[in-house]
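File shown: work.cif. Contents: mmCIF, C-alpha atoms and all ligand atoms.
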```cif
data_work
loop_
_atom_site.label_atom_id
_atom_site.label_comp_id
_atom_site.auth_asym_id
_atom_site.auth_seq_id
_atom_site.Cartn_x
_atom_site.Cartn_y
_atom_site.Cartn_z
CA MET A 816 -17.67 -24.78 18.52
CA ASN A 817 -15.74 -25.20 15.37
CA MET A 818 -11.98 -25.18 15.82
CA GLN A 819 -10.62 -24.92 12.39
CA ALA A 820 -6.92 -25.07 11.66
CA ASP A 821 -6.54 -24.00 8.08
CA GLN A 822 -5.07 -26.86 6.12
CA THR A 823 -4.61 -25.19 2.73
CA GLU A 824 -1.28 -24.97 1.01
CA MET A 825 -0.82 -21.39 2.16
CA VAL A 826 -0.06 -22.78 5.61
CA LEU A 827 3.64 -23.38 5.35
CA LYS A 828 5.52 -25.26 7.96
CA LYS A 829 7.62 -23.23 10.34
CA GLN A 830 11.16 -22.25 9.99
CA HIS A 831 12.58 -19.36 11.63
CA ASP A 832 15.94 -20.44 10.35
CA HIS A 833 16.73 -17.12 8.69
CA PRO A 834 17.62 -14.73 11.51
CA GLU A 835 16.26 -11.78 9.52
CA ASP A 836 12.79 -13.37 9.43
CA ILE A 837 10.15 -11.64 11.51
CA LEU A 838 7.59 -13.93 13.12
CA ILE A 839 4.44 -12.32 14.42
CA LEU A 840 1.93 -13.94 16.72
CA ALA A 841 -1.36 -12.26 15.81
CA ILE A 842 -4.61 -12.19 17.78
CA GLU A 843 -8.10 -11.18 16.59
CA SER A 844 -11.23 -11.05 18.75
CA SER A 845 -13.17 -8.00 17.53
CA CYS A 846 -16.49 -9.76 16.85
CA ASP A 847 -17.53 -13.41 17.00
CA GLU A 848 -14.35 -15.23 15.97
CA THR A 849 -11.55 -15.99 18.40
CA ALA A 850 -8.48 -16.23 16.19
CA ALA A 851 -4.72 -16.53 16.42
CA ALA A 852 -2.07 -16.97 13.74
CA VAL A 853 1.67 -17.03 13.24
CA VAL A 854 2.80 -15.09 10.18
CA ARG A 855 6.32 -14.82 8.78
CA ASN A 856 7.46 -11.60 7.13
CA GLY A 857 3.87 -10.43 6.70
CA ARG A 858 3.08 -12.81 3.85
CA ASP A 859 3.71 -16.44 4.88
CA VAL A 860 1.03 -17.92 7.10
CA LEU A 861 2.53 -20.61 9.32
CA SER A 862 -0.74 -21.19 11.14
CA ASN A 863 -4.23 -19.72 11.14
CA VAL A 864 -6.61 -20.94 13.85
CA ILE A 865 -10.19 -19.70 14.03
CA SER A 866 -12.70 -20.65 16.69
CA SER A 867 -16.04 -19.50 15.34
CA GLN A 868 -19.03 -18.69 17.56
CA ILE A 869 -21.52 -18.59 14.67
CA GLU A 870 -23.50 -21.62 15.87
CA LEU A 871 -24.04 -19.93 19.22
CA HIS A 872 -25.15 -16.53 17.88
CA LYS A 873 -27.39 -18.15 15.24
CA LEU A 874 -29.86 -18.90 18.03
CA TYR A 875 -30.37 -15.15 18.47
CA GLY A 876 -30.27 -14.09 14.80
CA GLY A 877 -27.11 -12.03 15.26
CA VAL A 878 -24.04 -11.48 17.43
CA VAL A 879 -24.81 -11.01 21.15
CA PRO A 880 -21.87 -8.92 22.48
CA GLU A 881 -21.85 -10.29 26.04
CA ILE A 882 -21.88 -13.89 24.85
CA ALA A 883 -19.09 -13.09 22.38
CA SER A 884 -16.82 -11.69 25.13
CA ARG A 885 -17.39 -14.66 27.41
CA LYS A 886 -16.62 -17.15 24.65
CA HIS A 887 -13.45 -15.26 23.72
CA VAL A 888 -12.25 -15.56 27.33
CA GLU A 889 -12.99 -19.27 27.27
CA LYS A 890 -11.23 -19.96 23.98
CA ILE A 891 -8.36 -17.54 23.60
CA ASN A 892 -5.58 -19.46 25.35
CA GLN A 893 -6.46 -22.65 23.56
CA VAL A 894 -6.54 -20.91 20.18
CA ILE A 895 -3.13 -19.28 20.75
CA GLN A 896 -1.58 -22.58 21.89
CA GLN A 897 -2.97 -24.24 18.78
CA ALA A 898 -1.61 -21.50 16.52
CA LEU A 899 1.88 -21.89 18.01
CA ALA A 900 1.69 -25.68 17.78
CA ASP A 901 0.45 -25.65 14.16
CA ALA A 902 3.30 -23.32 13.22
CA ASP A 903 5.71 -25.57 15.09
CA VAL A 904 7.11 -22.65 17.06
CA THR A 905 7.16 -21.47 20.66
CA LEU A 906 6.96 -17.95 22.08
CA ASP A 907 10.79 -18.00 22.04
CA ASP A 908 10.65 -17.87 18.23
CA VAL A 909 8.18 -14.99 18.09
CA ASP A 910 9.45 -11.45 17.40
CA ALA A 911 6.31 -9.44 18.17
CA VAL A 912 2.66 -9.72 19.15
CA GLY A 913 0.06 -8.11 16.89
CA VAL A 914 -3.51 -7.58 18.03
CA THR A 915 -6.72 -5.98 16.76
CA TYR A 916 -7.59 -3.08 19.08
CA GLY A 917 -10.48 -1.58 17.09
CA PRO A 918 -12.98 -1.10 15.65
CA GLY A 919 -15.33 -3.75 17.00
CA LEU A 920 -17.26 -4.79 20.08
CA VAL A 921 -15.49 -3.32 23.08
CA GLY A 922 -15.83 -6.34 25.38
CA ALA A 923 -14.72 -8.69 22.62
CA LEU A 924 -11.74 -6.53 21.63
CA LEU A 925 -10.63 -6.25 25.26
CA VAL A 926 -10.10 -9.99 25.54
CA GLY A 927 -7.57 -10.04 22.69
CA VAL A 928 -5.91 -6.82 23.79
CA ALA A 929 -5.49 -8.01 27.41
CA GLU A 930 -4.09 -11.33 26.20
CA ALA A 931 -1.63 -9.67 23.82
CA LYS A 932 -0.48 -7.28 26.54
CA ALA A 933 0.03 -10.16 28.98
CA ILE A 934 2.18 -12.08 26.46
CA SER A 935 4.10 -8.94 25.51
CA TYR A 936 4.84 -8.17 29.18
CA ALA A 937 5.67 -11.73 30.22
CA ARG A 938 7.98 -12.39 27.23
CA ASN A 939 9.25 -8.86 26.75
CA LEU A 940 7.95 -8.81 23.17
CA PRO A 941 7.05 -5.68 21.20
CA LEU A 942 3.30 -5.05 21.03
CA VAL A 943 1.72 -3.84 17.78
CA GLY A 944 -1.94 -2.77 17.79
CA VAL A 945 -3.73 -3.25 14.45
CA HIS A 946 -6.82 -1.65 12.95
CA HIS A 947 -9.28 -4.40 12.00
CA ILE A 948 -10.00 -2.98 8.53
CA GLU A 949 -6.30 -2.52 7.80
CA GLY A 950 -6.10 -6.22 8.62
CA HIS A 951 -8.85 -7.08 6.13
CA ILE A 952 -7.03 -5.10 3.43
CA SER A 953 -3.70 -6.77 4.28
CA ALA A 954 -5.24 -10.22 3.79
CA ASN A 955 -4.58 -9.57 0.10
CA TYR A 956 -0.79 -9.62 0.63
CA ILE A 957 -0.86 -13.23 1.83
CA GLU A 958 -1.75 -14.98 -1.42
CA ASN A 959 -0.58 -12.26 -3.79
CA LYS A 960 3.11 -12.02 -2.97
CA SER A 961 3.73 -9.38 -5.62
CA LEU A 962 0.89 -7.04 -4.57
CA GLU A 963 2.27 -3.74 -3.35
CA PRO A 964 0.72 -0.32 -2.79
CA PRO A 965 -0.56 1.83 -4.30
CA PHE A 966 -3.85 0.05 -4.91
CA LEU A 967 -7.53 0.53 -4.25
CA SER A 968 -9.23 -1.66 -1.71
CA MET A 969 -12.98 -2.13 -1.52
CA VAL A 970 -13.66 -3.28 2.04
CA VAL A 971 -17.07 -4.89 2.42
CA SER A 972 -17.84 -6.56 5.72
CA GLY A 973 -20.63 -6.94 8.27
CA GLY A 974 -19.77 -3.63 9.92
CA HIS A 975 -17.97 -1.65 7.21
CA THR A 976 -18.16 -0.52 3.62
CA HIS A 977 -15.09 1.56 2.81
CA LEU A 978 -13.47 2.39 -0.48
CA VAL A 979 -9.84 2.87 0.53
CA LEU A 980 -6.84 4.15 -1.39
CA VAL A 981 -3.83 2.27 -0.01
CA GLU A 982 -1.14 4.82 -0.81
CA ASP A 983 1.64 2.90 0.92
CA TYR A 984 2.00 0.28 3.66
CA GLY A 985 0.16 1.74 6.65
CA LYS A 986 -0.95 4.81 4.67
CA TYR A 987 -4.65 4.88 3.89
CA GLN A 988 -7.05 7.42 2.43
CA ILE A 989 -10.78 6.77 2.63
CA LEU A 990 -12.41 7.75 -0.65
CA GLY A 991 -15.94 6.58 0.09
CA ARG A 992 -17.99 5.00 2.82
CA THR A 993 -21.54 3.92 3.51
CA ARG A 994 -23.95 6.54 4.82
CA ASP A 995 -26.12 3.91 6.54
CA ASP A 996 -25.97 0.09 6.49
CA ALA A 997 -22.78 -1.81 5.71
CA ALA A 998 -22.99 -4.15 2.71
CA GLY A 999 -22.85 -7.28 4.90
CA GLU A 1000 -25.48 -5.83 7.23
CA ALA A 1001 -27.81 -5.35 4.24
CA PHE A 1002 -27.20 -8.97 3.17
CA ASP A 1003 -27.95 -10.18 6.71
CA LYS A 1004 -31.15 -8.08 7.04
CA VAL A 1005 -32.54 -9.10 3.65
CA ALA A 1006 -31.70 -12.74 4.40
CA ARG A 1007 -33.67 -12.49 7.62
CA ALA A 1008 -36.61 -10.89 5.78
CA ILE A 1009 -36.81 -13.78 3.32
CA GLY A 1010 -36.38 -16.33 6.09
CA LEU A 1011 -32.83 -17.51 5.44
CA GLY A 1012 -31.38 -17.00 8.93
CA TYR A 1013 -27.97 -15.77 10.14
CA PRO A 1014 -25.41 -15.09 8.78
CA GLY A 1015 -27.33 -14.23 5.66
CA GLY A 1016 -24.58 -13.31 3.18
CA PRO A 1017 -23.49 -16.83 2.23
CA LYS A 1018 -27.14 -18.00 2.12
CA ILE A 1019 -28.19 -15.23 -0.27
CA ASP A 1020 -25.11 -15.93 -2.39
CA LYS A 1021 -26.19 -19.60 -2.71
CA LEU A 1022 -29.90 -19.00 -3.28
CA ALA A 1023 -29.23 -16.21 -5.81
CA LYS A 1024 -27.62 -18.76 -8.13
CA GLU A 1025 -31.12 -20.20 -8.71
CA GLY A 1026 -32.75 -16.80 -9.30
CA ASN A 1027 -32.95 -14.14 -12.00
CA PRO A 1028 -30.94 -11.01 -11.10
CA GLN A 1029 -33.09 -8.96 -13.47
CA ALA A 1030 -36.45 -10.17 -12.12
CA ILE A 1031 -37.02 -7.19 -9.82
CA ALA A 1032 -35.60 -3.70 -10.36
CA PHE A 1033 -34.23 -2.75 -6.94
CA PRO A 1034 -32.62 0.71 -6.68
CA ARG A 1035 -28.88 1.52 -6.91
CA ALA A 1036 -28.26 4.57 -4.72
CA HIS A 1037 -26.26 7.60 -5.86
CA ILE A 1038 -25.45 10.29 -3.37
CA ASP A 1039 -25.41 13.84 -4.75
CA GLY A 1040 -22.04 15.49 -4.28
CA ALA A 1041 -20.43 12.30 -2.91
CA PRO A 1042 -20.18 9.94 -5.89
CA LEU A 1043 -17.97 7.46 -4.04
CA ASP A 1044 -20.19 7.12 -0.96
CA PHE A 1045 -22.63 4.24 -0.56
CA SER A 1046 -26.13 3.75 0.78
CA PHE A 1047 -27.74 0.35 1.22
CA SER A 1048 -30.75 1.21 3.35
CA GLY A 1049 -32.77 2.12 0.22
CA VAL A 1050 -32.31 -1.25 -1.44
CA LYS A 1051 -33.04 -3.00 1.86
CA SER A 1052 -36.30 -1.03 2.28
CA ALA A 1053 -37.22 -1.69 -1.36
CA VAL A 1054 -36.90 -5.44 -0.70
CA LEU A 1055 -39.05 -5.17 2.45
CA ASN A 1056 -41.67 -3.15 0.53
CA TYR A 1057 -41.65 -5.66 -2.29
CA LEU A 1058 -42.18 -8.55 0.16
CA ASN A 1059 -44.99 -6.62 1.86
CA GLY A 1060 -46.64 -5.82 -1.47
CA CYS A 1061 -46.60 -9.50 -2.45
CA ARG A 1062 -48.07 -10.47 0.91
CA MET A 1063 -50.90 -7.94 0.57
CA LYS A 1064 -51.72 -9.06 -2.96
CA GLY A 1065 -51.55 -12.70 -1.88
CA GLU A 1066 -48.79 -13.35 -4.43
CA GLU A 1067 -46.18 -15.99 -3.79
CA VAL A 1068 -42.63 -14.65 -3.43
CA ASP A 1069 -39.89 -16.19 -5.53
CA ARG A 1070 -37.14 -15.98 -2.89
CA ALA A 1071 -34.40 -16.90 -5.34
CA ASP A 1072 -35.39 -13.99 -7.62
CA VAL A 1073 -35.49 -11.60 -4.64
CA ALA A 1074 -32.04 -12.82 -3.49
CA ALA A 1075 -30.55 -12.55 -6.99
CA SER A 1076 -32.08 -9.11 -7.72
CA PHE A 1077 -31.05 -7.68 -4.33
CA GLN A 1078 -27.54 -9.07 -4.72
CA ALA A 1079 -27.28 -7.62 -8.24
CA ALA A 1080 -28.20 -4.15 -6.92
CA VAL A 1081 -25.55 -4.30 -4.19
CA VAL A 1082 -22.89 -5.73 -6.51
CA ASP A 1083 -23.58 -3.11 -9.23
CA SER A 1084 -23.18 -0.29 -6.78
CA ILE A 1085 -19.94 -1.67 -5.29
CA VAL A 1086 -18.42 -2.40 -8.71
CA ASP A 1087 -19.48 0.98 -10.21
CA HIS A 1088 -18.02 2.96 -7.30
CA THR A 1089 -14.76 1.02 -7.35
CA ILE A 1090 -14.21 1.43 -11.08
CA GLN A 1091 -15.12 5.12 -10.86
CA ALA A 1092 -12.58 5.61 -8.06
CA ALA A 1093 -9.88 3.71 -9.98
CA LYS A 1094 -10.39 6.06 -12.93
CA MET A 1095 -10.50 9.19 -10.79
CA TYR A 1096 -7.27 8.32 -8.97
CA HIS A 1097 -5.52 6.57 -11.90
CA ILE A 1098 -5.06 3.32 -9.99
CA ASP A 1099 -4.66 0.05 -11.91
CA LYS A 1100 -4.98 -2.44 -9.03
CA VAL A 1101 -8.12 -3.29 -7.09
CA ALA A 1102 -8.31 -5.61 -4.07
CA LEU A 1103 -11.54 -6.74 -2.45
CA ALA A 1104 -11.52 -7.31 1.31
CA GLY A 1105 -13.86 -8.29 4.17
CA GLY A 1106 -16.49 -10.97 4.65
CA VAL A 1107 -18.61 -9.92 1.65
CA ALA A 1108 -15.53 -10.26 -0.59
CA SER A 1109 -16.38 -14.00 -0.58
CA ASN A 1110 -19.56 -13.25 -2.52
CA SER A 1111 -19.39 -15.06 -5.85
CA ALA A 1112 -21.42 -12.48 -7.82
CA LEU A 1113 -19.31 -9.64 -6.45
CA ARG A 1114 -16.08 -11.39 -7.39
CA GLU A 1115 -17.36 -12.19 -10.85
CA GLY A 1116 -18.77 -8.67 -11.41
CA MET A 1117 -15.57 -7.01 -10.20
CA ARG A 1118 -13.37 -9.39 -12.19
CA LYS A 1119 -15.24 -8.62 -15.43
CA ALA A 1120 -15.33 -4.87 -14.87
CA CYS A 1121 -11.62 -4.80 -14.03
CA GLU A 1122 -10.83 -6.83 -17.14
CA VAL A 1123 -12.68 -4.34 -19.35
CA GLU A 1124 -10.77 -1.43 -17.78
CA GLY A 1125 -7.36 -3.14 -17.77
CA ILE A 1126 -7.25 -3.18 -13.97
CA GLU A 1127 -5.57 -6.00 -12.04
CA PHE A 1128 -8.03 -7.64 -9.66
CA TYR A 1129 -7.18 -9.30 -6.34
CA HIS A 1130 -9.25 -10.97 -3.65
CA PRO A 1131 -8.37 -13.21 -0.71
CA SER A 1132 -9.55 -16.84 -0.35
CA PRO A 1133 -12.78 -17.12 1.67
CA ILE A 1134 -10.91 -18.23 4.83
CA LEU A 1135 -8.93 -14.97 4.69
CA CYS A 1136 -12.00 -12.81 3.86
CA THR A 1137 -13.92 -13.43 7.07
CA ASP A 1138 -12.40 -12.45 10.40
CA ASN A 1139 -9.08 -14.21 11.00
CA ALA A 1140 -5.76 -13.45 12.66
CA ALA A 1141 -3.49 -14.14 9.67
CA MET A 1142 -4.62 -10.83 8.15
CA ILE A 1143 -3.81 -9.11 11.45
CA GLY A 1144 -0.33 -10.67 11.35
CA ALA A 1145 0.16 -9.33 7.81
CA ALA A 1146 -0.86 -5.79 8.81
CA ALA A 1147 1.14 -5.97 12.06
CA TYR A 1148 4.31 -6.86 10.14
CA TYR A 1149 4.23 -3.64 8.08
CA GLU A 1150 3.42 -1.62 11.21
CA TYR A 1151 6.29 -3.34 13.04
CA LYS A 1152 8.69 -2.54 10.18
CA ALA A 1153 7.53 1.10 10.22
CA GLY A 1154 8.39 1.25 13.93
CA THR A 1155 4.88 1.19 15.42
CA ARG A 1156 5.08 -0.04 19.04
CA HIS A 1157 2.25 0.14 21.53
CA GLY A 1158 2.71 0.29 25.28
CA LEU A 1159 0.95 -1.70 27.96
CA ASP A 1160 -1.58 1.14 28.12
CA LEU A 1161 -2.99 -0.03 24.77
CA ASN A 1162 -6.76 -0.05 25.05
CA ALA A 1163 -9.62 -1.36 22.93
CA ILE A 1164 -11.08 1.44 20.80
CA PRO A 1165 -14.50 0.36 19.48
CA ASN A 1166 -14.72 3.22 16.96
CA LEU A 1167 -11.05 3.41 15.96
CA LYS A 1168 -10.58 5.40 12.74
CA ILE A 1169 -8.62 3.95 9.87
CA GLY A 1170 -5.03 5.27 9.71
CA GLU A 1171 -5.10 6.28 13.41
CA ARG A 1172 -2.20 5.07 15.55
O1 LIG A 1201 -15.53 -9.43 7.71
P1 LIG A 1201 -16.55 -10.21 8.44
O2 LIG A 1201 -16.27 -11.66 8.75
O3 LIG A 1201 -16.90 -9.55 9.80
C1 LIG A 1201 -16.88 -8.17 10.00
O4 LIG A 1201 -15.78 -7.61 10.24
O5 LIG A 1201 -17.97 -7.59 9.89
O6 LIG A 1201 -17.89 -10.09 7.59
C2 LIG A 1201 -19.07 -10.74 7.93
C3 LIG A 1201 -20.13 -10.37 6.92
C4 LIG A 1201 -21.53 -10.86 7.29
O7 LIG A 1201 -22.43 -9.79 7.14
C5 LIG A 1201 -21.79 -11.97 6.28
O8 LIG A 1201 -23.16 -12.14 5.97
C6 LIG A 1201 -21.02 -11.46 5.08
O9 LIG A 1201 -19.83 -10.94 5.63
N1 LIG A 1201 -20.70 -12.51 4.11
C7 LIG A 1201 -21.19 -12.55 2.85
C8 LIG A 1201 -20.70 -13.74 2.25
N2 LIG A 1201 -19.92 -14.39 3.18
C9 LIG A 1201 -19.93 -13.61 4.31
N3 LIG A 1201 -21.99 -11.69 2.19
C10 LIG A 1201 -22.32 -12.00 0.91
N4 LIG A 1201 -21.91 -13.12 0.30
C11 LIG A 1201 -21.10 -14.02 0.91
N5 LIG A 1201 -20.70 -15.11 0.28
ZN ZN A 1202 -14.08 -8.14 9.90
#
```
Would you put the structure from the file into structure tokens?
Amino acid sequence: MNMQADQTEMVLKKQHDHPEDILILAIESSCDETAAAVVRNGRDVLSNVISSQIELHKLYGGVVPEIASRKHVEKINQVIQQALADADVTLDDVDAVGVTYGPGLVGALLVGVAEAKAISYARNLPLVGVHHIEGHISANYIENKSLEPPFLSMVVSGGHTHLVLVEDYGKYQILGRTRDDAAGEAFDKVARAIGLGYPGGPKIDKLAKEGNPQAIAFPRAHIDGAPLDFSFSGVKSAVLNYLNGCRMKGEEVDRADVAASFQAAVVDSIVDHTIQAAKMYHIDKVALAGGVASNSALREGMRKACEVEGIEFYHPSPILCTDNAAMIGAAAYYEYKAGTRHGLDLNAIPNLKIGER
């Protein structure tokens, strides 16, 4: 188990010495990371503790929900204590508790929600439920202090591919979404097919650097009548067919070329859709979010395309792209300021819709 207190310069040391400061203790447990953070005024991360279960789930080639819930129960108190200690604060300094209550694995979500409710009740602290994807988007506020809505956010994670217009804090409009696999899911499935193991995204990213992205022409899907929607099952099947074809012909597969060509197809489609949406809605700021936002080819492709179009491009550091609680603290702050308060009847909602309260 890897307990990782983020040591980067974005972790500032405490101080709640300005009475107007709002300190949020944030909790995230929607999938396979047990995480807690203390965030000041939505943008300053005082601590960001992540206990990752990846090593455990690797054995099974993907996240096993029951194991995830059990591990969350085992780790959550420790992770919260560590987050408070790293921030050099106690619960007396905290103004509110923010927690992811959906979407995600129900058993996993419930652990964080129950914990947040217990702290809120025991310490009489306001409780703010946060949508996981709104958290991913809000990760961009942490290192880009001047970023403010409106902007476009391309959310690409293991479970989601959403092109979101962030009209204002807490005000979201979904412009496009995947019709089948999420981008990260496609990375993970293709990685498994070429024998790279789980989680596949970072492994494909690395291997692709040694391959030729133009070696194999994998398809870029366009959906008639829904130009901003995505589909990744076609490119995934094309990779599987290609691998099968090679096997039948007895040809050796160049895995680096497959990784690079697959990645290029996914990146092209994400970049094309984002730029198209920016033009359609006259938006000049684009922010990547979610686990796949760490992908080096995606960052480079988006950066170049944005430069050509005169669009400002933002993306979080890798530690803030994958699941973490600092992003939940950022989102919770804007919800808190807008007056969102949840009661002790807050429940985990595995299929929570974006923008729902
Ligand atoms: O946001 P996240 O941590 O969890 C979800 O909310 O789903 O995203 C995890 C996903 C996994 O599918 C993982 O393979 C992918 O993000 N991922 C990447 C990279 N790093 C993580 N995909 C492509 N390239 C990467 N460098
Ligand atoms: Zn996530």
- Skipping near chain neighbours, those fewer than 6 positions away, what residues fall within 12 Å of Val1107 of chain A using all atoms listed in the file, listed as a ChimeraX atom specification? /A:951,969-976,997-1003,1014-1020,1078,1081-1082,1085,1113-1114,1130-1138
- Item | A:Pro834, A:Gly1106, A:Gly927, A:Gly1012 ranked by distance to ligand LIG 1201 (chain A), top pick (using only C-alpha atoms and all ligand atoms) |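 Answer, going by the shortest atom-to-atom distance: A:Gly1106.
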- Query: At what distance in Å, to one decimal, does atom CA of Ser1076 of chain A lie from atom CA of Ala1032 of chain A?
  - Reply: 7.0 Å
- Query: Just how far from atom CA of Ala1147 of chain A is atom CA of Gly950 of chain A, in Å to one decimal?
  - Reply: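 Atom CA of Ala1147 of chain A lies 8.0 Å from atom CA of Gly950 of chain A.
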- Pick the closest to ligand ZN 1202 (chain A) from A:Ser953, A:Ser961, A:Gln897, A:Asn1027: which is it, counting only C-alpha atoms and all ligand atoms?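 Closest to ligand ZN 1202 (chain A), using only C-alpha atoms and all ligand atoms: A:Ser953.
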